[in-house]
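The file my_file.txt comes next; it holds compact mmCIF, C-alpha atoms.
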# COMPACT_ATOMS: atom_id res chain seq x y z
CA MET R 66 12.12 -34.00 -0.95
CA GLY R 67 11.66 -36.90 1.42
CA LEU R 68 8.65 -37.54 3.63
CA CYS R 69 10.54 -36.60 6.80
CA SER R 70 11.78 -33.27 5.44
CA MET R 71 8.28 -32.47 4.10
CA TRP R 72 6.81 -33.05 7.56
CA ASN R 73 9.48 -30.83 9.08
CA ARG R 74 8.65 -28.09 6.57
CA GLU R 75 4.92 -28.41 7.28
CA SER R 76 5.46 -28.34 11.03
CA ARG R 77 7.71 -25.26 10.76
CA PHE R 78 5.05 -23.54 8.70
CA THR R 79 2.27 -24.53 11.10
CA VAL R 80 4.26 -23.06 13.98
CA LEU R 81 4.65 -19.79 12.05
CA VAL R 82 0.96 -19.61 11.21
CA ASN R 83 -0.12 -20.31 14.78
CA ALA R 84 2.38 -17.88 16.28
CA TYR R 85 1.93 -14.88 13.99
CA THR R 86 -1.51 -14.89 12.36
CA ASP R 87 -3.09 -12.59 14.95
CA ASP R 88 -0.22 -10.08 14.87
CA LEU R 89 -0.18 -10.03 11.07
CA TYR R 90 -3.94 -9.59 10.89
CA ARG R 91 -3.95 -6.68 13.37
CA TYR R 92 -1.16 -4.98 11.46
CA ALA R 93 -2.88 -5.59 8.10
CA VAL R 94 -6.15 -4.08 9.35
CA TRP R 95 -4.30 -0.95 10.41
CA LEU R 96 -2.54 -0.75 7.06
CA CYS R 97 -5.59 -1.12 4.85
CA ARG R 98 -8.50 -0.36 7.22
CA ASP R 99 -10.56 -3.16 5.71
CA PRO R 100 -10.90 -6.50 7.52
CA ALA R 101 -11.64 -8.43 4.33
CA VAL R 102 -8.59 -7.01 2.55
CA ALA R 103 -6.53 -7.64 5.70
CA GLU R 104 -7.52 -11.32 5.63
CA ASP R 105 -6.45 -11.51 1.98
CA LEU R 106 -3.14 -9.84 2.80
CA VAL R 107 -2.42 -12.29 5.61
CA GLN R 108 -3.35 -15.24 3.43
CA GLU R 109 -1.12 -14.01 0.59
CA THR R 110 1.68 -13.37 3.10
CA PHE R 111 1.53 -16.96 4.30
CA THR R 112 1.33 -18.23 0.71
CA ARG R 113 4.55 -16.41 -0.09
CA ALA R 114 6.06 -17.58 3.21
CA TRP R 115 5.31 -21.20 2.31
CA LYS R 116 7.01 -20.80 -1.06
CA ALA R 117 10.09 -19.18 0.50
CA LEU R 118 10.17 -21.09 3.79
CA ASP R 119 13.52 -22.67 3.01
CA SER R 120 15.10 -19.20 2.80
CA LEU R 121 14.21 -18.54 6.47
CA ARG R 122 17.39 -19.55 8.25
CA ASP R 123 16.83 -17.91 11.65
CA GLU R 124 13.50 -18.69 13.31
CA LYS R 125 13.96 -15.62 15.53
CA ALA R 126 13.69 -13.44 12.42
CA ALA R 127 10.38 -14.98 11.34
CA LYS R 128 8.14 -12.19 12.64
CA GLY R 129 10.13 -9.47 10.88
CA TRP R 130 10.27 -11.56 7.73
CA LEU R 131 6.49 -12.02 7.75
CA ILE R 132 5.78 -8.34 8.52
CA THR R 133 8.06 -7.30 5.65
CA THR R 134 6.26 -9.71 3.35
CA LEU R 135 2.90 -8.34 4.45
CA ARG R 136 4.02 -4.73 3.86
CA ARG R 137 5.19 -5.68 0.37
CA GLU R 138 1.91 -7.46 -0.34
CA ASN R 139 0.04 -4.35 0.72
CA ALA R 140 2.20 -2.25 -1.64
CA ARG R 141 1.50 -4.70 -4.48
CA ARG R 142 -2.22 -4.01 -4.12
CA PHE R 143 -1.61 -0.54 -5.54
CA GLU R 144 0.46 -1.86 -8.46
CA ARG R 145 -2.36 -4.06 -9.70
CA PRO R 146 -5.00 -2.64 -12.05
CA ARG R 147 -7.94 -1.21 -10.16
CA PHE R 148 -11.35 -0.82 -11.69
CA GLU R 149 -13.61 2.10 -10.92
CA TYR R 150 -17.27 1.22 -10.60
CA SER R 151 -18.69 4.66 -10.05
CA GLN R 152 -18.43 7.88 -11.98
CA GLY R 153 -19.58 9.97 -9.00
CA ASP R 154 -17.44 11.87 -6.54
CA PRO R 155 -16.98 9.84 -3.32
CA ASP R 156 -17.43 13.00 -1.26
CA ASP R 157 -20.99 13.31 -2.59
CA TYR R 158 -22.09 10.17 -0.74
CA ALA R 159 -19.50 9.91 2.04
CA ASP R 160 -21.99 10.89 4.74
CA SER R 161 -24.21 7.92 3.90
CA VAL R 162 -21.45 5.31 4.24
CA GLU R 163 -21.46 3.43 7.54
CA PHE R 164 -17.65 3.63 7.78
CA TYR R 165 -17.93 7.35 8.56
CA ASP R 166 -19.89 6.72 11.74
CA THR R 167 -18.00 8.56 14.50
CA SER R 168 -19.91 7.01 17.38
CA THR R 169 -17.18 4.60 18.44
CA ASP R 170 -13.87 5.26 20.12
CA ALA R 171 -12.15 2.87 17.72
CA PHE R 172 -13.22 4.94 14.73
CA VAL R 173 -12.08 8.18 16.37
CA LEU R 174 -8.70 6.63 17.16
CA ARG R 175 -8.33 5.15 13.65
CA ARG R 176 -9.23 8.48 12.08
CA ALA R 177 -6.73 10.31 14.30
CA LEU R 178 -4.01 7.80 13.42
CA MET R 179 -4.64 8.32 9.73
CA GLN R 180 -4.04 12.07 10.17
CA ILE R 181 -0.49 11.39 11.34
CA ASP R 182 2.20 11.27 8.67
CA GLU R 183 3.05 7.68 7.71
CA SER R 184 6.70 8.08 8.71
CA TYR R 185 5.52 8.61 12.30
CA ARG R 186 2.48 6.33 12.24
CA GLU R 187 4.25 3.19 11.00
CA PRO R 188 6.81 2.90 13.83
CA LEU R 189 4.06 3.48 16.38
CA LEU R 190 1.87 0.76 14.86
CA LEU R 191 4.78 -1.65 14.63
CA GLN R 192 5.43 -1.11 18.33
CA VAL R 193 1.83 -1.17 19.55
CA LEU R 194 0.23 -3.71 17.22
CA ALA R 195 3.10 -5.98 16.27
CA GLY R 196 5.00 -5.76 19.57
CA TYR R 197 8.31 -4.85 17.94
CA THR R 198 11.19 -3.43 19.96
CA CYS R 199 12.84 -0.20 18.85
CA LYS R 200 15.78 -2.19 17.54
CA GLU R 201 13.48 -4.39 15.43
CA ILE R 202 11.58 -1.37 14.11
CA ALA R 203 14.83 0.36 13.20
CA SER R 204 15.96 -2.72 11.30
CA GLU R 205 12.58 -3.09 9.59
CA LEU R 206 12.40 0.54 8.45
CA GLY R 207 16.11 1.03 7.78
CA VAL R 208 16.57 3.90 10.25
CA SER R 209 18.49 4.37 13.50
CA GLN R 210 17.04 3.41 16.88
CA SER R 211 17.13 7.05 17.96
CA ALA R 212 15.08 7.96 14.88
CA VAL R 213 12.54 5.29 15.83
CA LEU R 214 12.30 6.62 19.39
CA SER R 215 11.89 10.15 18.09
CA ARG R 216 9.21 9.14 15.58
CA ILE R 217 7.25 7.15 18.15
CA PHE R 218 7.43 10.05 20.60
CA ARG R 219 6.26 12.50 17.93
CA ALA R 220 3.52 10.16 16.76
CA ARG R 221 2.18 9.83 20.29
CA GLN R 222 2.35 13.60 20.77
CA LYS R 223 0.54 14.29 17.48
CA LEU R 224 -2.05 11.64 18.30
CA ARG R 225 -2.59 13.21 21.72
CA ASP R 226 -3.00 16.67 20.14
CA ILE R 227 -5.47 15.40 17.54
CA LEU R 228 -7.53 13.55 20.13
CA ASP R 229 -7.50 16.58 22.46
CA ASP R 230 -8.73 18.79 19.59
CA ASN R 231 -11.47 16.26 18.82
CA GLN R 232 -12.51 16.19 22.48
CA GLU R 233 -12.74 20.00 22.55
CA CYS R 234 -14.92 19.91 19.41
CA ILE R 235 -17.19 17.30 21.00
CA GLU R 236 -17.53 19.38 24.18
CA VAL R 237 -18.38 22.53 22.17
CA LYS R 238 -21.03 20.61 20.19
CA GLN R 239 -22.61 19.35 23.42
CA ILE R 240 -22.97 22.86 24.86
Structure rendered as structure tokens:
Amino acid sequence: MGLCSMWNRESRFTVLVNAYTDDLYRYAVWLCRDPAVAEDLVQETFTRAWKALDSLRDEKAAKGWLITTLRRENARRFERPRFEYSQGDPDDYADSVEFYDTSTDAFVLRRALMQIDESYREPLLLQVLAGYTCKEIASELGVSQSAVLSRIFRARQKLRDILDDNQECIEVKQI
């Protein structure tokens, strides 16, 4: 590989990193709900992108290519051996963990989103967080555009219902 083609490869990669890091990070945080893990996922995604950069023929497909890579990296996390450090039941100490603090709107929204079935949640997150069009989401998930529209509509409706129920519970507690 000559010096000129190496520079071209590096500049292409730099453009990808600058253009998509924020979108990938937001999507990763919503997938794993852990900023540190999300950073690792994004870094691993770009590592794999660097290795396979020559296979990216259409620059317009870069965002979808990177999102797909990130989703696969997230799935790989569950294939790797995981070590348990505690013998206790997590529910026994869940109330003491800071993550369960319900004082912020972001937590309430995240918790409501996690109650929605993944088949509805994922298209909604791809649209809202990654800025995908329905056509892009359909291609990414391997479903029709009408299925994407239906799933996004249902996800929004379920989210609205969950948040309304939560609001009613909050109002009852305040009385």
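The space between atom CA of Tyr92 of chain R and atom CA of Ala195 of chain R spans 6.5 Å.
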Legend entry - Near-segment 115-118 of chain R list (9 Å; only C-alpha atoms; drop same-chain fewer than 2 positions) as a ChimeraX atom specification: /R:74-75,77-78,110-113,120-122
Legend entry - Residue nearest Glu183 of chain R - candidates R:Leu135, R:Ala140, R:Leu96, R:Val102, atoms counted: only C-alpha atoms: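 Using only C-alpha atoms, the shortest distance to Glu183 of chain R belongs to R:Leu96.
Those DNA, RNA and protein residues that approach the point (6.7, 9.3, 12.6) to within 7 Å, considering all atoms listed in the file, are Asp182, Glu183, Ser184, Tyr185, Arg186, Glu187, Pro188, Arg216, Ile217, Arg219 and Ala220 of chain R.
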Legend entry - Within 10 Å of Glu104 of chain R using only C-alpha atoms, minus same-chain residues under 2 positions, as a PyMOL selection string: chain R and resi 86+89-91+93-94+99-102+106-110
Just-selected residues, C-alpha atoms written as a PDB file, keeping the file's coordinate frame:
ATOM      1  CA  THR R  86      -1.510 -14.890  12.360  1.00  0.00           C
ATOM      2  CA  LEU R  89      -0.180 -10.030  11.070  1.00  0.00           C
ATOM      3  CA  TYR R  90      -3.940  -9.590  10.890  1.00  0.00           C
ATOM      4  CA  ARG R  91      -3.950  -6.680  13.370  1.00  0.00           C
ATOM      5  CA  ALA R  93      -2.880  -5.590   8.100  1.00  0.00           C
ATOM      6  CA  VAL R  94      -6.150  -4.080   9.350  1.00  0.00           C
ATOM      7  CA  ASP R  99     -10.560  -3.160   5.710  1.00  0.00           C
ATOM      8  CA  PRO R 100     -10.900  -6.500   7.520  1.00  0.00           C
ATOM      9  CA  ALA R 101     -11.640  -8.430   4.330  1.00  0.00           C
ATOM     10  CA  VAL R 102      -8.590  -7.010   2.550  1.00  0.00           C
ATOM     11  CA  LEU R 106      -3.140  -9.840   2.800  1.00  0.00           C
ATOM     12  CA  VAL R 107      -2.420 -12.290   5.610  1.00  0.00           C
ATOM     13  CA  GLN R 108      -3.350 -15.240   3.430  1.00  0.00           C
ATOM     14  CA  GLU R 109      -1.120 -14.010   0.590  1.00  0.00           C
ATOM     15  CA  THR R 110       1.680 -13.370   3.100  1.00  0.00           C
TER      16      THR R 110
END
